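**Student:** I am attaching a structure below and will ask some questions about it afterwards.
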Amino acid sequence: MRFRRLSALAALVALPAAATAQAKKTTRAPSPRAKLVPECSWKPSDAWVKRQAEFFDESKHDWTNDSLRAALLDAAGLKAPLKIPVQFGVRVEGSDATPPTSAGVMVEALKKLASTRGSTWPTRSVVGAAGTHAVYLLVGLDTTLARIALHRMMEAGPAESPAADVATLEDRLRLLAGRKQIYGTQFRRNDGKVELAPMEDSAHADLRREDASLPPFELGLCMAGVGERKG
Amino acid sequence: MQIWFRFVAAVGLSATLPLSLASQVATPSTGKVTHVSLAGEAAGREPKAFAPLVGSWVITKDAGQNVLFIDGRVWKRGQPAGGLADKARELYGARNEEFIESIKAFAYYPIAVYKGLDNFENGEISVRFQMIGGTLDRCAGILFDVKPNGDYLTVRYNGTEDNVVLWTFNNGVRKFVNRAPTLVPLELGTWHTLKVSIHGTSMKSWLDDQPMHDYTLPHPVAGKIGVWSKTDSMIEFADFTVTPTSK
């Protein structure tokens, strides 16, 4: 049972997780972990799910660079359309899956793009919403690139960058910089137990998470299995 | 129904005045500290002591005390605060249209203008702030030199950059003026104080009593004052204090 839970969690946070996103639509779409822990469930009508659905709605082809989008999706191991919700904001240190082999080439391409003054960053209007999630997954493979990318994603604004990805990436980079996270998306193992990585102002966490289209804090803790012992 | 607002002067002056008389209290009392109290304001409502011109500014409670909250969650591009025309008319009378046009160009930047002082030229302005959130920005600023055409200056702290910067807004264009050299990471959910001091063209700023700016402005300031923020910032402001001086 414990192994099954961990596997379910890994599927949540792993790089190609969204590639498995082609599951059938159901009226109630629990997270993998919710099958095991009912209180971890969510509904398509939840506000944060609806906001992610709005951002990742690609029913209208309104992006400009199909070839770059295809390369990004391939490198990140994604297939569009992505299953909603795309971002649960639950990342357990050490649980990231090995990226596809093509990821390295695309990371280098993104680095070059990031260092070119005046270059067009792959935002929603350039590579579509799924493309921006691919960018999030890829920049996470290189801390230096991730720092530049986070700035670019923030600058682009909420219509161009997926807020939940921006928040999750910011938390990760804050921890890497020796600061505390602010959304509560990063977890680590301590003596086998999953625990929330250091966080500041947890009292207002839900305000920030709502703004970032992330699930409520308690749901995030539940999905991560905080306090549970894992191998 | 008559609307009332209250401001309390630290020198002991306590007054309750009709909102429509706001301009009559606007003459600076040189050297006197005016601490803007929000105690009489209604939680969940727009502030009465400030005119919210851009953004969603509401009175909220923090640890049982009223504070002024800019709620960036409802920020939308190009959307000024509700009732902008009425508020601009109250502040600037016949020149309100010019003000509105300029302010609309700055819709990324929520501002709330203090109603109790028409013209600030010299002295000190301080405000306490607490960052609550903001995916794109976490900005808390002091607004000054607010002109009838909507031009203004602001010294702000940005929690996504950890810095204090002086910006100018002229004719619909925002321009960087000067960045304080010290980076100061601040934790969310903790209170801090931002202060500016203006004497002629000398502008100094402090963050929690730590010197930030010592800058010479191109011209002396003259205009209204208030608080400033940016895009989706969620910030609580409290203890807005102004001490006008003659020079």
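Within each chain, counting starts at residue 1; across the structure tokens, chains are named A, B, ... in the order shown, with ligands numbered 1 upward in that order.
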Could you pull out all residues of segment 96-196 of chain B with a DSSP call of strand (DSSP E) and give them as an mmCIF file with N, CA and C atoms, in the first residue's frame?

**Tutor:**
```cif
data_model
loop_
_atom_site.group_PDB
_atom_site.id
_atom_site.type_symbol
_atom_site.label_atom_id
_atom_site.label_comp_id
_atom_site.auth_asym_id
_atom_site.auth_seq_id
_atom_site.Cartn_x
_atom_site.Cartn_y
_atom_site.Cartn_z
ATOM 1 N N ILE B 111 -3.181 52.988 -6.948
ATOM 2 C CA ILE B 111 -2.820 54.099 -6.069
ATOM 3 C C ILE B 111 -4.043 54.515 -5.252
ATOM 4 N N ALA B 112 -3.770 54.985 -4.045
ATOM 5 C CA ALA B 112 -4.817 55.556 -3.191
ATOM 6 C C ALA B 112 -4.255 56.863 -2.634
ATOM 7 N N VAL B 113 -4.942 57.953 -2.943
ATOM 8 C CA VAL B 113 -4.452 59.287 -2.574
ATOM 9 C C VAL B 113 -5.048 59.701 -1.223
ATOM 10 N N TYR B 114 -4.187 60.180 -0.347
ATOM 11 C CA TYR B 114 -4.620 60.653 0.969
ATOM 12 C C TYR B 114 -5.432 61.936 0.794
ATOM 13 N N GLY B 123 9.141 67.651 4.098
ATOM 14 C CA GLY B 123 8.822 66.930 5.318
ATOM 15 C C GLY B 123 9.020 65.428 5.166
ATOM 16 N N GLU B 124 8.306 64.698 5.997
ATOM 17 C CA GLU B 124 8.467 63.235 5.996
ATOM 18 C C GLU B 124 7.125 62.543 5.815
ATOM 19 N N ILE B 125 7.174 61.425 5.123
ATOM 20 C CA ILE B 125 5.994 60.563 4.975
ATOM 21 C C ILE B 125 6.455 59.145 5.298
ATOM 22 N N SER B 126 5.703 58.444 6.109
ATOM 23 C CA SER B 126 6.056 57.051 6.380
ATOM 24 C C SER B 126 4.799 56.195 6.402
ATOM 25 N N VAL B 127 4.999 54.910 6.175
ATOM 26 C CA VAL B 127 3.874 53.980 6.225
ATOM 27 C C VAL B 127 4.415 52.610 6.614
ATOM 28 N N ARG B 128 3.625 51.886 7.394
ATOM 29 C CA ARG B 128 3.991 50.497 7.678
ATOM 30 C C ARG B 128 3.295 49.604 6.660
ATOM 31 N N PHE B 129 3.943 48.539 6.280
ATOM 32 C CA PHE B 129 3.323 47.636 5.308
ATOM 33 C C PHE B 129 3.678 46.189 5.631
ATOM 34 N N GLN B 130 2.810 45.330 5.159
ATOM 35 C CA GLN B 130 3.024 43.897 5.308
ATOM 36 C C GLN B 130 2.690 43.239 3.963
ATOM 37 N N MET B 131 3.634 42.501 3.421
ATOM 38 C CA MET B 131 3.371 41.794 2.167
ATOM 39 C C MET B 131 2.566 40.534 2.471
ATOM 40 N N ILE B 132 1.477 40.386 1.745
ATOM 41 C CA ILE B 132 0.648 39.186 1.883
ATOM 42 C C ILE B 132 0.885 38.248 0.704
ATOM 43 N N GLY B 133 1.003 38.799 -0.476
ATOM 44 C CA GLY B 133 1.229 37.946 -1.640
ATOM 45 C C GLY B 133 1.283 38.726 -2.929
ATOM 46 N N CYS B 139 4.542 44.801 -4.168
ATOM 47 C CA CYS B 139 5.052 46.171 -4.073
ATOM 48 C C CYS B 139 4.276 47.007 -3.068
ATOM 49 N N ALA B 140 5.036 47.722 -2.241
ATOM 50 C CA ALA B 140 4.454 48.681 -1.303
ATOM 51 C C ALA B 140 5.195 49.987 -1.471
ATOM 52 N N GLY B 141 4.451 51.068 -1.792
ATOM 53 C CA GLY B 141 5.143 52.325 -2.055
ATOM 54 C C GLY B 141 4.475 53.524 -1.428
ATOM 55 N N ILE B 142 5.279 54.584 -1.301
ATOM 56 C CA ILE B 142 4.764 55.888 -0.870
ATOM 57 C C ILE B 142 4.653 56.757 -2.120
ATOM 58 N N LEU B 143 3.487 57.342 -2.283
ATOM 59 C CA LEU B 143 3.170 58.164 -3.449
ATOM 60 C C LEU B 143 3.332 59.629 -3.052
ATOM 61 N N PHE B 144 4.000 60.421 -3.876
ATOM 62 C CA PHE B 144 4.091 61.854 -3.582
ATOM 63 C C PHE B 144 4.258 62.636 -4.876
ATOM 64 N N ASP B 145 4.165 63.962 -4.747
ATOM 65 C CA ASP B 145 4.265 64.837 -5.931
ATOM 66 C C ASP B 145 3.165 64.513 -6.945
ATOM 67 N N VAL B 146 1.986 64.177 -6.441
ATOM 68 C CA VAL B 146 0.875 63.822 -7.339
ATOM 69 C C VAL B 146 0.267 65.103 -7.914
ATOM 70 N N TYR B 152 3.253 61.615 -11.121
ATOM 71 C CA TYR B 152 3.624 61.451 -9.705
ATOM 72 C C TYR B 152 4.991 60.781 -9.565
ATOM 73 N N LEU B 153 5.467 60.772 -8.339
ATOM 74 C CA LEU B 153 6.689 60.040 -7.979
ATOM 75 C C LEU B 153 6.314 58.988 -6.941
ATOM 76 N N THR B 154 7.067 57.907 -6.905
ATOM 77 C CA THR B 154 6.849 56.920 -5.843
ATOM 78 C C THR B 154 8.179 56.286 -5.450
ATOM 79 N N VAL B 155 8.320 56.057 -4.162
ATOM 80 C CA VAL B 155 9.413 55.234 -3.643
ATOM 81 C C VAL B 155 8.753 53.954 -3.157
ATOM 82 N N ARG B 156 9.200 52.832 -3.707
ATOM 83 C CA ARG B 156 8.519 51.586 -3.354
ATOM 84 C C ARG B 156 9.514 50.470 -3.041
ATOM 85 N N TYR B 157 9.029 49.543 -2.186
ATOM 86 C CA TYR B 157 9.756 48.296 -1.951
ATOM 87 C C TYR B 157 9.078 47.213 -2.773
ATOM 88 N N ASN B 158 9.867 46.384 -3.449
ATOM 89 C CA ASN B 158 9.298 45.264 -4.198
ATOM 90 C C ASN B 158 9.843 43.957 -3.642
ATOM 91 N N ASN B 163 14.228 45.146 -3.431
ATOM 92 C CA ASN B 163 14.882 46.455 -3.508
ATOM 93 C C ASN B 163 13.912 47.614 -3.298
ATOM 94 N N VAL B 164 14.508 48.789 -3.069
ATOM 95 C CA VAL B 164 13.735 50.020 -2.938
ATOM 96 C C VAL B 164 14.111 50.917 -4.108
ATOM 97 N N VAL B 165 13.105 51.353 -4.858
ATOM 98 C CA VAL B 165 13.364 52.100 -6.092
ATOM 99 C C VAL B 165 12.484 53.343 -6.145
ATOM 100 N N LEU B 166 13.063 54.433 -6.662
ATOM 101 C CA LEU B 166 12.309 55.650 -6.953
ATOM 102 C C LEU B 166 11.892 55.619 -8.424
ATOM 103 N N TRP B 167 10.585 55.751 -8.663
ATOM 104 C CA TRP B 167 10.060 55.780 -10.026
ATOM 105 C C TRP B 167 9.364 57.109 -10.268
ATOM 106 N N THR B 168 9.371 57.530 -11.520
ATOM 107 C CA THR B 168 8.588 58.692 -11.899
ATOM 108 C C THR B 168 7.573 58.288 -12.963
ATOM 109 N N PHE B 169 6.409 58.906 -12.897
ATOM 110 C CA PHE B 169 5.341 58.643 -13.867
ATOM 111 C C PHE B 169 4.942 59.966 -14.488
ATOM 112 N N ASN B 170 5.247 60.122 -15.769
ATOM 113 C CA ASN B 170 4.981 61.384 -16.456
ATOM 114 C C ASN B 170 4.298 61.133 -17.789
ATOM 115 N N VAL B 173 3.977 57.664 -18.974
ATOM 116 C CA VAL B 173 5.190 56.857 -19.110
ATOM 117 C C VAL B 173 5.837 56.677 -17.734
ATOM 118 N N ARG B 174 6.121 55.427 -17.379
ATOM 119 C CA ARG B 174 6.814 55.139 -16.127
ATOM 120 C C ARG B 174 8.305 55.082 -16.405
ATOM 121 N N LYS B 175 9.080 55.768 -15.580
ATOM 122 C CA LYS B 175 10.525 55.730 -15.779
ATOM 123 C C LYS B 175 11.243 55.449 -14.468
ATOM 124 N N PHE B 176 12.222 54.572 -14.565
ATOM 125 C CA PHE B 176 13.097 54.288 -13.441
ATOM 126 C C PHE B 176 13.951 55.521 -13.150
ATOM 127 N N VAL B 177 14.088 55.878 -11.889
ATOM 128 C CA VAL B 177 14.917 57.033 -11.532
ATOM 129 C C VAL B 177 16.157 56.587 -10.767
ATOM 130 N N ASN B 178 15.948 55.878 -9.680
ATOM 131 C CA ASN B 178 17.114 55.518 -8.860
ATOM 132 C C ASN B 178 16.803 54.309 -7.983
ATOM 133 N N ARG B 179 17.725 53.372 -7.955
ATOM 134 C CA ARG B 179 17.580 52.178 -7.132
ATOM 135 C C ARG B 179 18.520 52.273 -5.934
ATOM 136 N N TRP B 191 5.629 42.955 9.440
ATOM 137 C CA TRP B 191 5.432 44.396 9.245
ATOM 138 C C TRP B 191 6.758 45.128 9.130
ATOM 139 N N HIS B 192 6.787 46.098 8.226
ATOM 140 C CA HIS B 192 7.992 46.898 7.986
ATOM 141 C C HIS B 192 7.584 48.346 7.746
ATOM 142 N N THR B 193 8.568 49.233 7.868
ATOM 143 C CA THR B 193 8.270 50.664 7.699
ATOM 144 C C THR B 193 9.089 51.253 6.556
ATOM 145 N N LEU B 194 8.389 51.921 5.662
ATOM 146 C CA LEU B 194 9.027 52.657 4.569
ATOM 147 C C LEU B 194 8.857 54.143 4.860
ATOM 148 N N LYS B 195 9.920 54.909 4.709
ATOM 149 C CA LYS B 195 9.834 56.336 5.014
ATOM 150 C C LYS B 195 10.570 57.143 3.955
ATOM 151 N N VAL B 196 10.015 58.284 3.575
ATOM 152 C CA VAL B 196 10.728 59.214 2.701
ATOM 153 C C VAL B 196 10.800 60.568 3.387
#
```

**Student:** Neighbouring residues of Thr101 of chain A were defined as those with any atom within 12 Å, considering only C-alpha atoms; residues of the same chain fewer than 2 positions away were excluded. Please report them as a list in words.

**Tutor:** Asp74, Ala75, Ala76, Gly77, Thr98, Pro99, Ala103, Gly104, Val105, Met106, Val107 and Leu138 of chain A

**Student:** Using only C-alpha atoms, I'd like every residue of chain B that has an atom within 12 Å of chain A; please write them out as a ChimeraX atom specification.

**Tutor:** /B:62-63,71-77,108,130-138,159-161,185-191,231-236

**Student:** Keeping only C-alpha atoms, write the selected residues as a PDB file, in the first residue's frame.

**Tutor:**
```pdb
ATOM      1  CA  ASP B  62      -5.126  42.446  10.909  1.00  0.00           C
ATOM      2  CA  ALA B  63      -4.692  41.312  14.491  1.00  0.00           C
ATOM      3  CA  ASP B  71      -6.153  43.305  -3.149  1.00  0.00           C
ATOM      4  CA  GLY B  72      -4.237  42.402  -6.292  1.00  0.00           C
ATOM      5  CA  ARG B  73      -6.309  39.276  -6.798  1.00  0.00           C
ATOM      6  CA  VAL B  74      -8.888  41.373  -8.545  1.00  0.00           C
ATOM      7  CA  TRP B  75      -6.379  43.307 -10.549  1.00  0.00           C
ATOM      8  CA  LYS B  76      -7.214  43.466 -14.209  1.00  0.00           C
ATOM      9  CA  ARG B  77      -5.303  45.306 -16.845  1.00  0.00           C
ATOM     10  CA  TYR B 108      -0.958  48.507 -13.720  1.00  0.00           C
ATOM     11  CA  GLN B 130       3.024  43.897   5.308  1.00  0.00           C
ATOM     12  CA  MET B 131       3.371  41.794   2.167  1.00  0.00           C
ATOM     13  CA  ILE B 132       0.648  39.186   1.883  1.00  0.00           C
ATOM     14  CA  GLY B 133       1.229  37.946  -1.640  1.00  0.00           C
ATOM     15  CA  GLY B 134       1.290  38.564  -5.366  1.00  0.00           C
ATOM     16  CA  THR B 135       2.431  36.198  -8.090  1.00  0.00           C
ATOM     17  CA  LEU B 136       3.926  38.918 -10.283  1.00  0.00           C
ATOM     18  CA  ASP B 137       4.690  41.681  -7.828  1.00  0.00           C
ATOM     19  CA  ARG B 138       4.706  42.395  -4.128  1.00  0.00           C
ATOM     20  CA  GLY B 159       9.356  41.898  -2.470  1.00  0.00           C
ATOM     21  CA  THR B 160       9.993  40.058  -5.736  1.00  0.00           C
ATOM     22  CA  GLU B 161      13.200  42.064  -6.226  1.00  0.00           C
ATOM     23  CA  PRO B 185      14.863  40.449   1.588  1.00  0.00           C
ATOM     24  CA  LEU B 186      11.750  40.723   3.747  1.00  0.00           C
ATOM     25  CA  GLU B 187       9.521  37.916   4.899  1.00  0.00           C
ATOM     26  CA  LEU B 188       5.889  37.886   3.936  1.00  0.00           C
ATOM     27  CA  GLY B 189       3.490  38.353   6.804  1.00  0.00           C
ATOM     28  CA  THR B 190       5.811  40.647   8.734  1.00  0.00           C
ATOM     29  CA  TRP B 191       5.432  44.396   9.245  1.00  0.00           C
ATOM     30  CA  THR B 231      -0.383  44.763 -10.527  1.00  0.00           C
ATOM     31  CA  ASP B 232      -1.347  41.727  -8.447  1.00  0.00           C
ATOM     32  CA  SER B 233       0.373  42.752  -5.207  1.00  0.00           C
ATOM     33  CA  MET B 234      -1.464  41.961  -2.000  1.00  0.00           C
ATOM     34  CA  ILE B 235      -0.233  44.406   0.621  1.00  0.00           C
ATOM     35  CA  GLU B 236      -1.552  45.686   3.920  1.00  0.00           C
TER      36      GLU B 236
END
```

**Student:** DSSP on the backbone, then: every residue of segment 62-189 of chain B marked helix (DSSP H, G or I), written as a list in words.

**Tutor:**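 Residues meeting the helix (DSSP H, G or I) criterion: Gly72, Arg73, Val74, Leu84, Ala85, Asp86, Lys87, Ala88, Arg89, Glu90, Leu91, Tyr92, Gly93, Ala94, Arg95, Asn96, Glu97, Glu98, Phe99, Ile100, Glu101, Ser102, Ile103, Lys104 and Ala105 of chain B.
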
**Student:** Please produce a file of the residues just selected, as a PDB file, in the first residue's frame, where the atoms kept are N, CA and C atoms.

**Tutor:**
```pdb
ATOM      1  N   GLY B  72      -4.651  42.619  -4.910  1.00  0.00           N
ATOM      2  CA  GLY B  72      -4.237  42.402  -6.292  1.00  0.00           C
ATOM      3  C   GLY B  72      -4.905  41.220  -6.962  1.00  0.00           C
ATOM      4  N   ARG B  73      -5.642  40.424  -6.183  1.00  0.00           N
ATOM      5  CA  ARG B  73      -6.309  39.276  -6.798  1.00  0.00           C
ATOM      6  C   ARG B  73      -7.350  39.722  -7.811  1.00  0.00           C
ATOM      7  N   VAL B  74      -7.859  40.912  -7.615  1.00  0.00           N
ATOM      8  CA  VAL B  74      -8.888  41.373  -8.545  1.00  0.00           C
ATOM      9  C   VAL B  74      -8.319  42.346  -9.574  1.00  0.00           C
ATOM     10  N   LEU B  84     -13.980  56.126 -10.417  1.00  0.00           N
ATOM     11  CA  LEU B  84     -12.776  56.947 -10.612  1.00  0.00           C
ATOM     12  C   LEU B  84     -13.133  58.401 -10.909  1.00  0.00           C
ATOM     13  N   ALA B  85     -14.107  58.608 -11.792  1.00  0.00           N
ATOM     14  CA  ALA B  85     -14.449  59.975 -12.199  1.00  0.00           C
ATOM     15  C   ALA B  85     -14.881  60.823 -10.996  1.00  0.00           C
ATOM     16  N   ASP B  86     -15.727  60.237 -10.143  1.00  0.00           N
ATOM     17  CA  ASP B  86     -16.190  60.981  -8.969  1.00  0.00           C
ATOM     18  C   ASP B  86     -15.038  61.316  -8.029  1.00  0.00           C
ATOM     19  N   LYS B  87     -14.165  60.332  -7.852  1.00  0.00           N
ATOM     20  CA  LYS B  87     -13.035  60.554  -6.937  1.00  0.00           C
ATOM     21  C   LYS B  87     -12.084  61.601  -7.493  1.00  0.00           C
ATOM     22  N   ALA B  88     -11.821  61.536  -8.793  1.00  0.00           N
ATOM     23  CA  ALA B  88     -10.930  62.508  -9.410  1.00  0.00           C
ATOM     24  C   ALA B  88     -11.536  63.905  -9.344  1.00  0.00           C
ATOM     25  N   ARG B  89     -12.860  63.984  -9.502  1.00  0.00           N
ATOM     26  CA  ARG B  89     -13.541  65.281  -9.431  1.00  0.00           C
ATOM     27  C   ARG B  89     -13.420  65.857  -8.024  1.00  0.00           C
ATOM     28  N   GLU B  90     -13.532  64.979  -7.033  1.00  0.00           N
ATOM     29  CA  GLU B  90     -13.429  65.422  -5.642  1.00  0.00           C
ATOM     30  C   GLU B  90     -12.035  65.975  -5.355  1.00  0.00           C
ATOM     31  N   LEU B  91     -11.024  65.313  -5.951  1.00  0.00           N
ATOM     32  CA  LEU B  91      -9.646  65.715  -5.684  1.00  0.00           C
ATOM     33  C   LEU B  91      -9.217  66.917  -6.505  1.00  0.00           C
ATOM     34  N   TYR B  92      -9.638  66.957  -7.778  1.00  0.00           N
ATOM     35  CA  TYR B  92      -9.076  67.952  -8.689  1.00  0.00           C
ATOM     36  C   TYR B  92     -10.103  68.814  -9.409  1.00  0.00           C
ATOM     37  N   GLY B  93     -11.334  68.695  -9.044  1.00  0.00           N
ATOM     38  CA  GLY B  93     -12.358  69.556  -9.613  1.00  0.00           C
ATOM     39  C   GLY B  93     -12.383  69.507 -11.129  1.00  0.00           C
ATOM     40  N   ALA B  94     -12.309  70.680 -11.757  1.00  0.00           N
ATOM     41  CA  ALA B  94     -12.459  70.770 -13.216  1.00  0.00           C
ATOM     42  C   ALA B  94     -11.339  70.063 -13.970  1.00  0.00           C
ATOM     43  N   ARG B  95     -10.214  69.856 -13.315  1.00  0.00           N
ATOM     44  CA  ARG B  95      -9.086  69.227 -14.028  1.00  0.00           C
ATOM     45  C   ARG B  95      -9.141  67.703 -13.948  1.00  0.00           C
ATOM     46  N   ASN B  96     -10.263  67.156 -13.520  1.00  0.00           N
ATOM     47  CA  ASN B  96     -10.326  65.701 -13.287  1.00  0.00           C
ATOM     48  C   ASN B  96     -10.147  64.880 -14.562  1.00  0.00           C
ATOM     49  N   GLU B  97     -10.577  65.411 -15.721  1.00  0.00           N
ATOM     50  CA  GLU B  97     -10.486  64.613 -16.949  1.00  0.00           C
ATOM     51  C   GLU B  97      -9.038  64.344 -17.338  1.00  0.00           C
ATOM     52  N   GLU B  98      -8.217  65.371 -17.194  1.00  0.00           N
ATOM     53  CA  GLU B  98      -6.797  65.216 -17.496  1.00  0.00           C
ATOM     54  C   GLU B  98      -6.182  64.170 -16.566  1.00  0.00           C
ATOM     55  N   PHE B  99      -6.558  64.247 -15.314  1.00  0.00           N
ATOM     56  CA  PHE B  99      -6.065  63.307 -14.313  1.00  0.00           C
ATOM     57  C   PHE B  99      -6.473  61.874 -14.676  1.00  0.00           C
ATOM     58  N   ILE B 100      -7.736  61.713 -15.034  1.00  0.00           N
ATOM     59  CA  ILE B 100      -8.245  60.378 -15.353  1.00  0.00           C
ATOM     60  C   ILE B 100      -7.525  59.779 -16.552  1.00  0.00           C
ATOM     61  N   GLU B 101      -7.314  60.575 -17.574  1.00  0.00           N
ATOM     62  CA  GLU B 101      -6.655  60.066 -18.781  1.00  0.00           C
ATOM     63  C   GLU B 101      -5.268  59.522 -18.444  1.00  0.00           C
ATOM     64  N   SER B 102      -4.550  60.270 -17.619  1.00  0.00           N
ATOM     65  CA  SER B 102      -3.201  59.850 -17.260  1.00  0.00           C
ATOM     66  C   SER B 102      -3.226  58.603 -16.378  1.00  0.00           C
ATOM     67  N   ILE B 103      -4.147  58.595 -15.432  1.00  0.00           N
ATOM     68  CA  ILE B 103      -4.242  57.474 -14.506  1.00  0.00           C
ATOM     69  C   ILE B 103      -4.575  56.183 -15.242  1.00  0.00           C
ATOM     70  N   LYS B 104      -5.413  56.275 -16.265  1.00  0.00           N
ATOM     71  CA  LYS B 104      -5.775  55.075 -17.017  1.00  0.00           C
ATOM     72  C   LYS B 104      -4.555  54.432 -17.671  1.00  0.00           C
ATOM     73  N   ALA B 105      -3.604  55.292 -18.035  1.00  0.00           N
ATOM     74  CA  ALA B 105      -2.378  54.757 -18.639  1.00  0.00           C
ATOM     75  C   ALA B 105      -1.548  54.007 -17.606  1.00  0.00           C
TER      76      ALA B 105
END
```

**Student:** Let me make sure I understand: among B:Val36, B:Ala222, B:Val227, B:Ala238, which one has the smallest atom-to-atom distance to Leu53 of chain B if we use only C-alpha atoms?

**Tutor:**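 When distances to Leu53 of chain B are compared using only C-alpha atoms, the smallest one comes from B:Val227.
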
**Student:** So what do you get for atom CA of Gly131 of chain A versus atom CA of Lys230 of chain B, distance-wise?

**Tutor:**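 That distance, rounded to one decimal, is 27.5 Å.
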
**Student:** Can you tell me which residues surround segment 87-94 of chain A at a distance of at most 7 Å, considering only C-alpha atoms, apart from same-chain residues fewer than 3 positions away, and format the answer as a list in words?

**Tutor:** Val13, Ala164, Asp165, Thr168, Thr185, Gln186, Phe187, Arg188, Leu214, Pro215, Gly220 and Ala224 of chain A

**Student:** Which residues are close to Gly44 of chain B, i.e. within 10 Å by only C-alpha atoms, leaving aside same-chain residues fewer than 4 positions away? Reply as a count of residues only.

**Tutor:** 8

**Student:** Please compute the atom CA of Asp209 of chain B-atom CA of His35 of chain B distance, one decimal, in Å.

**Tutor:**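 The value is 18.0 Å.
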